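Colleague: Got a file for you: my_file-v5.csv, CSV, C-alpha atoms.
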chain,number,residue,atom,x,y,z
A,756,MET,CA,12.1,-23.4,7.3
A,757,SER,CA,14.8,-21.1,8.7
A,758,ALA,CA,14.1,-17.4,9.6
A,759,GLU,CA,16.6,-16.4,6.9
A,760,ALA,CA,14.9,-18.4,4.3
A,761,ALA,CA,11.5,-17.2,5.3
A,762,TRP,CA,12.6,-13.6,5.0
A,763,ARG,CA,13.6,-14.1,1.4
A,764,LEU,CA,10.2,-15.4,0.3
A,765,PRO,CA,8.5,-13.1,-2.3
A,766,ARG,CA,6.5,-10.2,-1.0
A,767,ARG,CA,2.7,-10.4,-0.9
A,768,SER,CA,1.3,-10.1,-4.4
A,769,SER,CA,-1.9,-8.7,-3.0
A,770,PHE,CA,0.0,-5.6,-1.7
A,771,GLY,CA,-0.2,-3.3,-4.7
A,772,ARG,CA,0.0,0.3,-5.8
A,773,GLY,CA,-3.3,1.2,-4.2
A,774,HIS,CA,-2.1,0.1,-0.8
A,775,VAL,CA,1.1,2.3,-1.2
A,776,HIS,CA,-1.0,5.3,-2.2
A,777,ALA,CA,-3.3,4.7,0.8
A,778,VAL,CA,-0.4,4.7,3.2
A,779,ALA,CA,1.1,7.9,1.7
A,780,ALA,CA,-2.3,9.6,1.7
A,781,CYS,CA,-2.8,8.7,5.4
A,782,TYR,CA,0.6,10.1,6.2
A,783,PHE,CA,-0.3,13.4,4.4
A,784,VAL,CA,-3.6,13.7,6.2
A,785,ALA,CA,-2.0,13.0,9.7
A,786,SER,CA,0.8,15.4,9.1
A,787,PHE,CA,-1.4,18.5,8.7
A,788,ALA,CA,-1.3,19.6,12.4
A,789,ALA,CA,2.3,18.4,13.0
A,790,LEU,CA,3.6,20.4,10.1
A,791,GLY,CA,1.1,23.2,9.7
A,792,LEU,CA,0.7,24.5,13.3
A,793,PRO,CA,4.3,24.9,14.7
A,794,PRO,CA,4.9,28.0,12.5
A,795,TYR,CA,2.1,29.7,14.5
A,796,LEU,CA,3.6,29.0,17.9
A,797,THR,CA,4.3,32.7,18.3
A,798,GLU,CA,0.5,33.3,18.1
A,799,ILE,CA,-0.4,30.3,20.3
A,800,LEU,CA,1.9,30.9,23.3
A,801,PRO,CA,0.6,34.3,24.3
A,802,GLU,CA,-2.9,32.7,24.8
A,803,LEU,CA,-1.1,30.3,27.3
A,804,GLY,CA,0.6,33.0,29.4
A,805,ASP,CA,3.9,33.4,27.4
A,806,ARG,CA,3.2,36.9,26.2
A,807,SER,CA,6.4,37.4,24.3
A,808,ALA,CA,6.4,33.8,23.0
A,809,ARG,CA,10.0,33.4,24.3
A,810,TRP,CA,9.5,29.6,24.5
A,811,ALA,CA,8.6,29.2,20.8
A,812,GLY,CA,12.0,28.1,19.7
A,813,VAL,CA,12.3,25.5,22.3
A,814,LEU,CA,8.8,24.1,21.9
A,815,TYR,CA,9.3,24.0,18.1
A,816,VAL,CA,11.9,21.2,18.5
A,817,VAL,CA,10.3,19.4,21.5
A,818,PRO,CA,8.2,16.9,19.4
A,819,THR,CA,11.3,16.3,17.2
A,820,VAL,CA,13.6,15.5,20.2
A,821,PHE,CA,11.1,13.1,21.8
A,822,GLY,CA,10.2,11.6,18.4
A,823,ALA,CA,13.9,10.8,17.9
A,824,LEU,CA,14.2,9.1,21.3
A,825,GLY,CA,11.1,7.0,20.8
A,826,ALA,CA,11.5,6.0,17.1
A,827,PRO,CA,14.0,3.1,17.6
A,828,LEU,CA,11.9,1.5,20.3
A,829,TRP,CA,8.7,1.7,18.3
A,830,GLY,CA,10.4,0.3,15.3
A,831,ARG,CA,11.6,-2.8,17.2
A,832,LEU,CA,8.2,-3.3,18.7
A,833,ALA,CA,6.7,-3.1,15.2
A,834,ASP,CA,9.0,-6.0,14.1
A,835,ARG,CA,7.9,-8.0,17.1
A,836,TYR,CA,4.2,-7.3,17.3
A,837,GLY,CA,3.2,-6.2,13.8
A,838,ARG,CA,3.9,-3.2,11.6
A,839,LYS,CA,0.2,-2.4,11.0
A,840,ARG,CA,-0.6,-2.5,14.7
A,841,LEU,CA,2.2,-0.1,15.5
A,842,LEU,CA,1.3,2.2,12.6
A,843,LEU,CA,-2.2,2.4,13.9
A,844,ARG,CA,-0.8,3.2,17.3
A,845,ALA,CA,1.2,6.1,15.9
A,846,GLN,CA,-1.9,7.6,14.3
A,847,LEU,CA,-4.0,7.2,17.4
A,848,GLY,CA,-1.1,8.6,19.5
A,849,LEU,CA,-1.0,11.8,17.4
A,850,ALA,CA,-4.8,12.2,17.8
A,851,VAL,CA,-4.5,12.0,21.6
A,852,ALA,CA,-1.6,14.5,21.6
A,853,PHE,CA,-3.4,17.0,19.3
A,854,LEU,CA,-6.6,16.8,21.4
A,855,LEU,CA,-4.6,17.6,24.6
A,856,ALA,CA,-2.8,20.4,22.9
A,857,GLY,CA,-6.0,21.9,21.6
A,858,TRP,CA,-7.6,21.9,25.0
A,859,ALA,CA,-4.6,22.9,27.0
A,860,ASP,CA,-5.1,25.9,29.2
A,861,SER,CA,-1.6,26.4,30.4
A,862,LEU,CA,1.9,26.4,29.0
A,863,ALA,CA,2.8,23.3,31.1
A,864,THR,CA,-0.1,21.3,29.7
A,865,PHE,CA,0.7,22.4,26.1
A,866,THR,CA,4.3,21.3,26.6
A,867,VAL,CA,3.2,17.9,27.8
A,868,ALA,CA,1.0,17.6,24.7
A,869,LEU,CA,4.0,18.3,22.5
A,870,ILE,CA,6.1,15.8,24.3
A,871,LEU,CA,3.4,13.2,23.8
A,872,GLN,CA,3.2,14.1,20.2
A,873,GLY,CA,6.9,13.2,19.8
A,874,ILE,CA,6.7,10.0,21.9
A,875,LEU,CA,3.4,8.7,20.7
A,876,GLY,CA,3.7,9.8,17.0
A,877,GLY,CA,6.3,8.7,14.6
A,878,THR,CA,4.0,8.1,11.7
A,879,PHE,CA,6.7,8.5,9.1
A,880,ALA,CA,9.0,5.8,10.5
A,881,ALA,CA,6.0,3.6,11.2
A,882,SER,CA,4.7,4.0,7.6
A,883,ASN,CA,8.1,3.3,6.1
A,884,GLY,CA,8.5,0.2,8.3
A,885,TYR,CA,5.1,-1.0,7.2
A,886,LEU,CA,6.0,-0.5,3.5
A,887,GLY,CA,9.4,-2.1,4.1
A,888,ALA,CA,7.7,-5.3,5.3
A,889,ALA,CA,5.6,-5.5,2.1
A,890,LEU,CA,8.0,-4.3,-0.6
A,891,GLU,CA,11.7,-4.5,-1.5
A,892,GLY,CA,14.1,-3.1,-4.1
A,893,PRO,CA,12.9,-0.6,-6.6
A,894,ALA,CA,9.3,-1.0,-5.5
A,895,LEU,CA,10.2,0.0,-2.0
A,896,SER,CA,12.4,2.9,-3.0
A,897,LYS,CA,9.6,4.2,-5.2
A,898,ALA,CA,7.2,3.9,-2.3
A,899,LEU,CA,9.6,5.8,0.0
A,900,THR,CA,9.9,8.5,-2.7
A,901,LEU,CA,6.1,8.8,-2.7
A,902,MET,CA,6.2,9.1,1.1
A,903,GLN,CA,8.6,11.9,0.9
A,904,GLY,CA,6.3,13.5,-1.6
A,905,SER,CA,3.5,13.3,1.0
A,906,ALA,CA,5.7,15.1,3.5
A,907,ARG,CA,6.7,17.8,1.0
A,908,ALA,CA,3.0,18.3,0.0
A,909,ALA,CA,2.0,18.6,3.7
A,910,LEU,CA,4.8,21.1,4.3
A,911,VAL,CA,3.6,23.3,1.5
A,912,VAL,CA,-0.2,23.0,2.0
A,913,ALA,CA,-0.7,22.7,5.7
A,914,PRO,CA,0.6,26.2,6.8
A,915,ILE,CA,-1.6,27.8,4.1
A,916,VAL,CA,-4.7,26.0,5.3
A,917,VAL,CA,-4.0,26.8,9.0
A,918,GLY,CA,-3.6,30.4,8.1
A,919,ALA,CA,-6.8,30.5,6.1
A,920,LEU,CA,-8.7,28.9,9.1
A,921,SER,CA,-7.2,31.3,11.6
A,922,GLY,CA,-9.9,33.9,10.8
A,923,TRP,CA,-12.5,31.5,12.2
A,924,LEU,CA,-10.6,29.5,14.8
A,925,SER,CA,-7.3,30.3,16.5
A,926,PRO,CA,-4.3,28.1,15.7
A,927,HIS,CA,-4.3,26.9,19.3
A,928,ARG,CA,-7.8,25.4,19.0
A,929,GLN,CA,-7.1,24.1,15.6
A,930,TYR,CA,-5.0,21.4,17.3
A,931,ALA,CA,-8.2,19.9,18.7
A,932,LEU,CA,-10.0,20.2,15.3
A,933,LEU,CA,-7.2,18.7,13.3
A,934,ALA,CA,-7.1,15.7,15.7
A,935,VAL,CA,-9.8,14.2,13.5
A,936,LEU,CA,-7.3,13.8,10.7
A,937,PRO,CA,-5.1,11.1,12.3
A,938,LEU,CA,-8.3,9.5,13.6
A,939,THR,CA,-9.5,9.3,10.0
A,940,ALA,CA,-6.2,8.0,8.8
A,941,ALA,CA,-6.3,5.2,11.5
A,942,LEU,CA,-9.8,4.2,10.2
A,943,LEU,CA,-8.5,4.0,6.6
A,944,LEU,CA,-5.3,2.1,7.6
A,945,ALA,CA,-7.4,-0.5,9.6
A,946,ALA,CA,-8.7,-1.8,6.3
A,947,LEU,CA,-5.1,-2.5,5.0
A,948,PRO,CA,-3.4,-5.9,5.3
A,949,GLU,CA,-0.7,-6.8,7.7
A,950,PRO,CA,2.1,-7.1,5.1
A,951,SER,CA,4.4,-9.4,7.0
A,952,GLU,CA,2.0,-12.1,8.2
A,953,GLU,CA,2.4,-14.4,5.2
A,954,GLN,CA,6.1,-14.1,4.5
A,955,ALA,CA,8.1,-13.6,7.6
A,956,PRO,CA,8.3,-14.6,11.3
A,957,GLU,CA,7.4,-12.1,14.0
A,958,SER,CA,10.9,-10.9,14.5
A,959,ILE,CA,14.1,-11.1,12.4
A,960,PRO,CA,17.4,-9.9,13.8
A,961,GLU,CA,18.7,-6.8,12.3
A,962,THR,CA,22.0,-8.5,11.8
A,963,THR,CA,20.7,-11.1,9.4
A,964,ALA,CA,22.8,-11.0,6.3
A,965,PRO,CA,21.1,-10.5,2.9
A,966,SER,CA,22.5,-12.3,-0.2
A,967,ALA,CA,24.4,-9.3,-1.5
A,968,ALA,CA,26.1,-6.3,0.1
A,969,PRO,CA,24.2,-3.0,-0.1
A,970,VAL,CA,25.5,0.0,-2.0
A,971,VAL,CA,26.5,1.7,1.3
A,972,SER,CA,26.7,0.3,4.8
A,973,LEU,CA,24.0,1.0,7.3
A,974,ARG,CA,26.3,3.3,9.3
A,975,THR,CA,27.0,5.3,6.1
A,976,LEU,CA,23.3,5.6,5.4
A,977,TYR,CA,22.7,6.9,8.9
A,978,ALA,CA,25.5,9.5,8.5
A,979,LEU,CA,24.2,10.6,5.1
A,980,GLU,CA,20.7,11.0,6.6
A,981,PHE,CA,21.9,13.1,9.4
A,982,ALA,CA,24.1,15.3,7.2
A,983,PHE,CA,21.3,15.8,4.6
A,984,VAL,CA,18.7,16.8,7.2
A,985,PHE,CA,21.1,19.1,9.0
A,986,SER,CA,22.2,20.9,5.8
A,987,THR,CA,18.6,21.4,4.5
A,988,VAL,CA,16.6,22.0,7.7
A,989,ILE,CA,19.1,24.6,9.0
A,990,SER,CA,17.8,27.0,6.3
A,991,PHE,CA,14.1,26.7,7.3
A,992,PRO,CA,13.6,28.6,10.6
A,993,TYR,CA,15.1,32.0,9.5
A,994,LEU,CA,14.4,32.0,5.7
A,995,ILE,CA,11.6,34.5,6.1
A,996,SER,CA,13.9,36.8,8.0
A,997,LEU,CA,16.5,36.5,5.3
A,998,VAL,CA,14.0,37.3,2.6
A,999,GLU,CA,12.8,40.3,4.5
A,1000,ASP,CA,16.4,41.4,5.0
A,1001,ARG,CA,17.1,41.2,1.3
A,1002,LEU,CA,13.7,42.4,0.0
A,1003,PRO,CA,12.1,44.8,2.4
A,1004,CYS,CA,8.3,45.1,2.3
A,1005,THR,CA,8.0,41.6,0.8
A,1006,SER,CA,4.5,40.2,1.3
A,1007,ALA,CA,3.9,37.2,3.5
A,1008,THR,CA,2.4,35.4,0.5
A,1009,LEU,CA,5.6,35.9,-1.6
A,1010,SER,CA,7.8,34.8,1.3
A,1011,GLY,CA,5.6,31.7,1.7
A,1012,VAL,CA,6.0,30.9,-2.1
A,1013,LEU,CA,9.8,31.3,-1.8
A,1014,PHE,CA,9.8,28.9,1.2
A,1015,ALA,CA,7.7,26.4,-0.7
A,1016,LEU,CA,9.7,26.4,-4.0
A,1017,PRO,CA,12.2,23.6,-3.2
A,1018,HIS,CA,9.4,21.3,-2.0
A,1019,LEU,CA,7.4,22.1,-5.2
A,1020,VAL,CA,10.5,21.0,-7.3
A,1021,TYR,CA,10.4,17.7,-5.5
A,1022,LEU,CA,6.7,17.2,-6.1
A,1023,VAL,CA,7.0,17.7,-9.8
A,1024,SER,CA,10.3,15.8,-10.5
A,1025,ALA,CA,10.8,13.1,-7.8
A,1026,LEU,CA,9.5,10.2,-9.8
A,1027,ALA,CA,11.6,11.2,-12.9
A,1028,VAL,CA,14.7,11.5,-10.7
A,1029,HIS,CA,13.9,8.1,-9.1
A,1030,SER,CA,14.1,6.5,-12.6
A,1031,ALA,CA,17.4,8.3,-13.2
A,1032,VAL,CA,19.2,7.4,-9.9
A,1033,ARG,CA,17.7,4.0,-8.9
A,1034,ASP,CA,20.7,2.2,-10.4
A,1035,ARG,CA,23.3,4.8,-9.4
A,1036,PRO,CA,22.2,6.2,-6.0
A,1037,ARG,CA,25.8,7.0,-5.0
A,1038,THR,CA,26.0,9.4,-7.9
A,1039,GLY,CA,22.6,10.8,-7.0
A,1040,ILE,CA,23.5,11.5,-3.4
A,1041,VAL,CA,26.7,13.4,-4.5
A,1042,LEU,CA,24.7,15.5,-6.9
A,1043,GLY,CA,22.1,16.2,-4.2
A,1044,PHE,CA,24.7,17.5,-1.7
A,1045,ALA,CA,26.5,19.4,-4.5
A,1046,PHE,CA,23.3,21.3,-5.6
A,1047,ILE,CA,22.4,21.9,-1.9
A,1048,ALA,CA,25.8,23.4,-1.2
A,1049,LEU,CA,25.5,25.6,-4.4
A,1050,GLY,CA,21.9,26.6,-3.7
A,1051,LEU,CA,22.5,27.5,0.0
A,1052,ALA,CA,25.7,29.4,-0.8
A,1053,GLY,CA,23.7,31.4,-3.4
A,1054,HIS,CA,21.3,32.5,-0.6
A,1055,GLY,CA,24.2,34.3,1.0
A,1056,VAL,CA,24.7,36.6,-2.0
A,1057,ALA,CA,21.2,36.7,-3.7
A,1058,GLY,CA,20.0,40.3,-3.5
A,1059,SER,CA,17.0,40.4,-5.9
A,1060,LEU,CA,13.8,38.4,-6.3
A,1061,THR,CA,15.0,36.8,-9.5
A,1062,ALA,CA,18.2,35.6,-7.7
A,1063,LEU,CA,16.3,34.3,-4.7
A,1064,ILE,CA,13.9,32.3,-7.0
A,1065,ALA,CA,16.9,30.9,-8.9
A,1066,VAL,CA,18.8,29.7,-5.7
A,1067,ARG,CA,15.6,28.3,-4.2
A,1068,LEU,CA,15.1,26.2,-7.4
A,1069,VAL,CA,18.7,25.0,-7.3
A,1070,LEU,CA,18.2,24.0,-3.7
A,1071,GLY,CA,15.0,22.2,-4.8
A,1072,VAL,CA,17.1,20.2,-7.3
A,1073,GLY,CA,19.5,19.2,-4.5
A,1074,LEU,CA,16.6,18.4,-2.2
A,1075,THR,CA,15.1,16.1,-4.8
A,1076,PHE,CA,18.3,14.3,-5.8
A,1077,GLY,CA,19.2,13.9,-2.1
A,1078,LEU,CA,15.8,12.6,-0.9
A,1079,VAL,CA,15.3,10.2,-3.8
A,1080,SER,CA,18.8,8.8,-3.5
A,1081,LEU,CA,18.4,8.3,0.2
A,1082,SER,CA,15.2,6.4,-0.4
A,1083,VAL,CA,17.0,4.1,-2.9
A,1084,LEU,CA,19.9,3.6,-0.4
A,1085,ALA,CA,17.4,2.9,2.4
A,1086,ALA,CA,15.5,0.3,0.3
A,1087,ASP,CA,18.8,-1.4,-0.5
A,1088,CYS,CA,19.9,-1.5,3.1
A,1089,ALA,CA,16.5,-2.9,4.1
A,1090,LYS,CA,17.0,-6.2,2.3
A,1091,GLY,CA,17.4,-8.9,4.9
A,1092,ARG,CA,16.8,-6.6,7.8
A,1093,ALA,CA,13.8,-6.2,10.1
A,1094,PRO,CA,12.3,-3.0,8.6
A,1095,GLY,CA,10.8,-1.6,11.7
A,1096,GLY,CA,14.0,-1.5,13.6
A,1097,MET,CA,16.0,-0.1,10.6
A,1098,PHE,CA,13.6,2.6,9.7
A,1099,GLY,CA,13.1,3.5,13.4
A,1100,ALA,CA,16.9,4.0,13.7
A,1101,LEU,CA,17.0,6.0,10.5
A,1102,GLU,CA,14.3,8.3,11.8
A,1103,PHE,CA,16.4,8.8,15.0
A,1104,PHE,CA,19.3,10.1,12.9
A,1105,SER,CA,16.9,12.2,10.8
A,1106,LYS,CA,15.4,13.9,13.8
A,1107,ALA,CA,18.8,14.3,15.4
A,1108,GLY,CA,19.9,16.1,12.3
A,1109,ALA,CA,16.8,18.4,12.5
A,1110,VAL,CA,17.5,19.2,16.2
A,1111,ALA,CA,21.1,20.0,15.5
A,1112,ALA,CA,20.1,22.1,12.6
A,1113,GLY,CA,17.6,24.1,14.7
A,1114,LEU,CA,20.2,24.8,17.4
A,1115,ALA,CA,22.9,25.8,14.9
A,1116,ALA,CA,20.5,28.0,13.1
A,1117,ALA,CA,19.4,29.8,16.3
A,1118,VAL,CA,23.0,30.3,17.5
A,1119,GLY,CA,24.3,31.4,14.0
A,1120,SER,CA,21.4,33.8,13.3
A,1121,ALA,CA,21.7,35.4,16.7
A,1122,ARG,CA,25.4,36.0,16.3
A,1123,PHE,CA,26.0,36.6,12.6
A,1124,GLY,CA,22.6,37.5,11.1
A,1125,PRO,CA,19.9,35.7,9.0
A,1126,ALA,CA,22.4,34.6,6.3
A,1127,ALA,CA,24.5,32.5,8.8
A,1128,PRO,CA,22.2,29.4,8.8
A,1129,VAL,CA,22.3,29.0,5.0
A,1130,LEU,CA,26.0,29.4,4.8
A,1131,THR,CA,26.5,26.9,7.6
A,1132,GLY,CA,24.3,24.5,5.7
A,1133,SER,CA,26.2,25.1,2.5
A,1134,GLY,CA,29.5,24.3,4.2
A,1135,ALA,CA,28.1,21.1,5.7
A,1136,ALA,CA,26.8,20.0,2.3
A,1137,ALA,CA,30.1,20.7,0.6
A,1138,LEU,CA,32.0,18.7,3.2
A,1139,THR,CA,29.6,15.8,2.7
A,1140,VAL,CA,30.2,16.0,-1.1
A,1141,LEU,CA,33.9,15.5,-0.5
A,1142,ALA,CA,33.3,12.7,2.0
A,1143,SER,CA,30.8,11.0,-0.3
A,1144,LEU,CA,33.4,10.8,-3.1
A,1145,PHE,CA,35.6,8.6,-1.0
A,1146,LEU,CA,32.8,6.3,0.5
A,1147,PRO,CA,33.9,2.7,0.5
A,1148,ASN,CA,31.9,0.3,-1.7
A,1149,PRO,CA,30.7,-2.7,0.4
A,1150,ARG,CA,30.1,-4.6,-2.8
A,1151,SER,CA,33.9,-4.5,-3.6
A,1152,HIS,CA,34.6,-6.7,-0.6
A,1153,ARG,CA,32.9,-8.8,2.0
A,1154,ALA,CA,30.6,-6.5,4.1
A,1155,ARG,CA,30.5,-6.7,7.9
A,1156,TRP,CA,26.8,-7.2,8.5
A,1157,SER,CA,27.1,-6.9,12.2
A,1158,ARG,CA,27.3,-3.2,11.9
Using the file provided, produce a representation of the structure as C-alpha cells.

Modeller:
Amino acid sequence: MSAEAAWRLPRRSSFGRGHVHAVAACYFVASFAALGLPPYLTEILPELGDRSARWAGVLYVVPTVFGALGAPLWGRLADRYGRKRLLLRAQLGLAVAFLLAGWADSLATFTVALILQGILGGTFAASNGYLGAALEGPALSKALTLMQGSARAALVVAPIVVGALSGWLSPHRQYALLAVLPLTAALLLAALPEPSEEQAPESIPETTAPSAAPVVSLRTLYALEFAFVFSTVISFPYLISLVEDRLPCTSATLSGVLFALPHLVYLVSALAVHSAVRDRPRTGIVLGFAFIALGLAGHGVAGSLTALIAVRLVLGVGLTFGLVSLSVLAADCAKGRAPGGMFGALEFFSKAGAVAAGLAAAVGSARFGPAAPVLTGSGAAALTVLASLFLPNPRSHRARWSR
C-alpha cells in the first residue's frame, strides 16, 4: 500500500470525544504557569537583582521567540517519531523549565529558564499535531476550537489564581510549585493512544496532495494566522494602562474583568460559531477581522465604563469568529499533510505575530500613548479584511501543492 493511500485510511474509531477532552484539559493544566506568571514579571525581577524590572518587557517575549524557532523542528520530529511521544516531551520540557525558573537565584539563570521554556515547550502545537493525526475535517476543526477554548480559559483563570496565591508564595517561587501541573498532564497523556500508529506510516511528506484543494492555500493560512495574532495581541500589554488613562482610580479587579471579557465571549459562543462557519470559513474570517477592526478602533474613543465594556464585547465577537474560522481552515489544510510539521509551522507564524505585536505595542505606546497599540491593531485588521475579500479560491483551479 502506498503512503498516499495509507494516509487516506479512516481515522481510529477508538479515538473519541473523551480523548479530545483529555488533551484539551492537559493543555489547560500545563498552561497555568506559562500564561499566569508573566504578568507578574515586574514583581519577580526585583528579587533577582533587577530592581526597576527594566528587563520585564524583553523577558516577556523570550519564551515566545524561542518557541517560534523550535516549533517547526519539533513538529517534523513528531511526524517522524510519534506525536504522542513529542507531546509528552513538550509537557516534561515545560516542567523542567518551570523548576529551573522557580529555583533561579540570578537574572541570568531565570533568563535561561525562560529560553528553555520556549525551546522545550510548545504544548499547543504538539497537542494540535496529535489531534491532527487522529481526526480530520469538522471533527478536527471542532477539536481545535476546543483547544483554543482551553487557551482562553487559562488566560482568564491563571492570572487570578497566581494573584490569589501571592499572599502565601511569591510569583517567582510559584514557577517551581506549578511545575507539578505539566508533570500531571504528562501522566494523564501517557494513558492516551498514539493516534497515527494504525493508519499512517511514520512520516508523510508535507507536499503530499489531498484529493481536493483546501479553501485557502497553506501560505494564505500562515499569513492569516500572523495577521490575526498581531492585530489581537498588540492590544494586550498596555490595555490596563489604557483603562487607567480613560477611567482613573479603576480597581485592579475591574481592569482584569475588562481584560478577560473578549476571552469570555469566546468561551460561551465558540461552539455555536463553529456550527455557523464550518461550511463558510472564508466568510467567518472576514467577519472576524471586521469585528476586530471595529472593536479596537472603539477603544481609541471609548471614554466611559459602558463604552469600554461594549468595545471589549465587540472585540470578543471578532476574536471568536477569527479563531474558530482559523481552526476550520487549519483542519482543511491538514488533509493529506503530516500534521506535526504543518501545525509546527503554523505555531511559528502565530508566535512571530505575537513577537511583532509586542514590539509594535512597546514602540507605539512609548511614542504616542496607550491608545496607539489598539489603533495599530485596528488598522492591521482593517487591511486584512480588504485583503481577505480578494483571496484566491484554490478550489476554482488546480492548486499548487508544492507550496

Colleague: One decimal, in Å: what's the spacing between CA of Ala909 (chain A) and CA of Leu1002 (chain A)?

Modeller: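 The value is 26.8 Å.
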
Colleague: Between CA of Ala868 (chain A) and CA of Leu855 (chain A), what is the spacing in Å?

Modeller: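 We find that CA of Leu855 (chain A) and CA of Ala868 (chain A) lie 5.6 Å from each other.
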
Colleague: Determine the nearest neighbour of Gly1053 (chain A) from the options A:Leu895, A:Ala1126, A:Val1012, A:Ala1093, counting only C-alpha atoms.

Modeller: A:Ala1126

Colleague: Return the single residue from A:Leu849, A:Leu1078, A:Leu942, A:Leu890 that is closest to Gln903 (chain A), with distances computed using only C-alpha atoms.

Modeller: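 Using only C-alpha atoms, Gln903 (chain A) sits closest to A:Leu1078.
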
Colleague: Using only C-alpha atoms, can you tell me which of A:Thr939, A:Ser921, A:Ser996, A:Ser1133 comes closest to Gly1011 (chain A)?

Modeller: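 Of the candidates, the smallest distance to Gly1011 (chain A) is held by A:Ser996.
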
Colleague: Against region 807-826 of chain A, which residues of region 1031-1139 of chain A fall within 7 Å? For each one I want the closest pair of atoms and the distance in Å (one decimal), counting only C-alpha atoms, rows by chain and increasing residue number, as a tab-separated table.

Modeller:
residue	atom	partner	partner_atom	distance
A:Gly1099	CA	A:Ala826	CA	4.7
A:Ala1100	CA	A:Ala826	CA	6.7
A:Glu1102	CA	A:Ala826	CA	6.4
A:Phe1103	CA	A:Ala823	CA	4.3
A:Lys1106	CA	A:Ala823	CA	5.4
A:Ala1107	CA	A:Ala823	CA	6.5
A:Val1110	CA	A:Val816	CA	6.4

Colleague: Could you tell me how far CA of Gly771 (chain A) lies from CA of Leu910 (chain A), in Å and to one decimal?

Modeller: 26.5 Å

Colleague: So, with only C-alpha atoms as the atoms that count, which of A:Arg835, A:Lys1090, A:Arg1033, A:Arg806 lies closest to Ala889 (chain A)?

Modeller: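 Closest candidate: A:Lys1090.
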
Colleague: Within 8 Å of (23.4, 27.8, -1.6) (file coordinates; all atoms listed in the file), which protein or nucleic acid residues are there? I'd like them as a PDB file with C-alpha atoms, in the frame of the given file.

Modeller:
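The new file point.pdb reads:
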ATOM      1  CA  PHE A1046      23.300  21.300  -5.600  1.00  0.00           C
ATOM      2  CA  ILE A1047      22.400  21.900  -1.900  1.00  0.00           C
ATOM      3  CA  ALA A1048      25.800  23.400  -1.200  1.00  0.00           C
ATOM      4  CA  LEU A1049      25.500  25.600  -4.400  1.00  0.00           C
ATOM      5  CA  GLY A1050      21.900  26.600  -3.700  1.00  0.00           C
ATOM      6  CA  LEU A1051      22.500  27.500   0.000  1.00  0.00           C
ATOM      7  CA  ALA A1052      25.700  29.400  -0.800  1.00  0.00           C
ATOM      8  CA  GLY A1053      23.700  31.400  -3.400  1.00  0.00           C
ATOM      9  CA  HIS A1054      21.300  32.500  -0.600  1.00  0.00           C
ATOM     10  CA  GLY A1055      24.200  34.300   1.000  1.00  0.00           C
ATOM     11  CA  VAL A1066      18.800  29.700  -5.700  1.00  0.00           C
ATOM     12  CA  VAL A1069      18.700  25.000  -7.300  1.00  0.00           C
ATOM     13  CA  LEU A1070      18.200  24.000  -3.700  1.00  0.00           C
ATOM     14  CA  VAL A1129      22.300  29.000   5.000  1.00  0.00           C
ATOM     15  CA  LEU A1130      26.000  29.400   4.800  1.00  0.00           C
ATOM     16  CA  SER A1133      26.200  25.100   2.500  1.00  0.00           C
TER      17      SER A1133
END

Colleague: Find the residue from A:Ser1059, A:Gln846, A:Thr1075, A:Thr1008 that sits nearest to Ala1031 (chain A); use all atoms listed in the file when measuring.

Modeller: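 Closest to Ala1031 (chain A) of all the choices is A:Thr1075.
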
Colleague: Give me the residues near Arg907 (chain A) as a list in words, where near means some atom within 9 Å (using all atoms listed in the file) and where sequence neighbours in that chain fewer than 5 positions away do not count.

Modeller: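 My list of contacting residues is Phe783, Met902, Val912, Ala1015, His1018, Leu1019, Tyr1021 and Leu1022 of chain A.
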
Colleague: Quick one: of A:Ala1115, A:Leu1013, A:Ala856, A:Val1028, who's nearest to Ala931 (chain A), counting only C-alpha atoms?

Modeller: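 Looking at the shortest contact to Ala931 (chain A), the residue is A:Ala856.
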
Colleague: Take the point (-6.1, 23.9, 6.5) in the file's coordinates, draw a sphere of radius 12 Å around it, and report as a PyMOL selection string every protein, DNA or RNA residue with an atom inside or on it, counting all atoms listed in the file.

Modeller: chain A and resi 784+786-792+909-926+929-930+932-933+936

Colleague: For His776 (chain A), work out the shell of residues within 10 Å, counting only C-alpha atoms and skipping chain neighbours fewer than 4 positions away, then give it as a PDB file with C-alpha atoms, in the frame of the given file.

Modeller:
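Listed below is the output, around.pdb:
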ATOM      1  CA  GLY A 771      -0.200  -3.300  -4.700  1.00  0.00           C
ATOM      2  CA  ARG A 772       0.000   0.300  -5.800  1.00  0.00           C
ATOM      3  CA  ALA A 780      -2.300   9.600   1.700  1.00  0.00           C
ATOM      4  CA  CYS A 781      -2.800   8.700   5.400  1.00  0.00           C
ATOM      5  CA  TYR A 782       0.600  10.100   6.200  1.00  0.00           C
ATOM      6  CA  ALA A 898       7.200   3.900  -2.300  1.00  0.00           C
ATOM      7  CA  LEU A 901       6.100   8.800  -2.700  1.00  0.00           C
ATOM      8  CA  MET A 902       6.200   9.100   1.100  1.00  0.00           C
ATOM      9  CA  SER A 905       3.500  13.300   1.000  1.00  0.00           C
TER      10      SER A 905
END
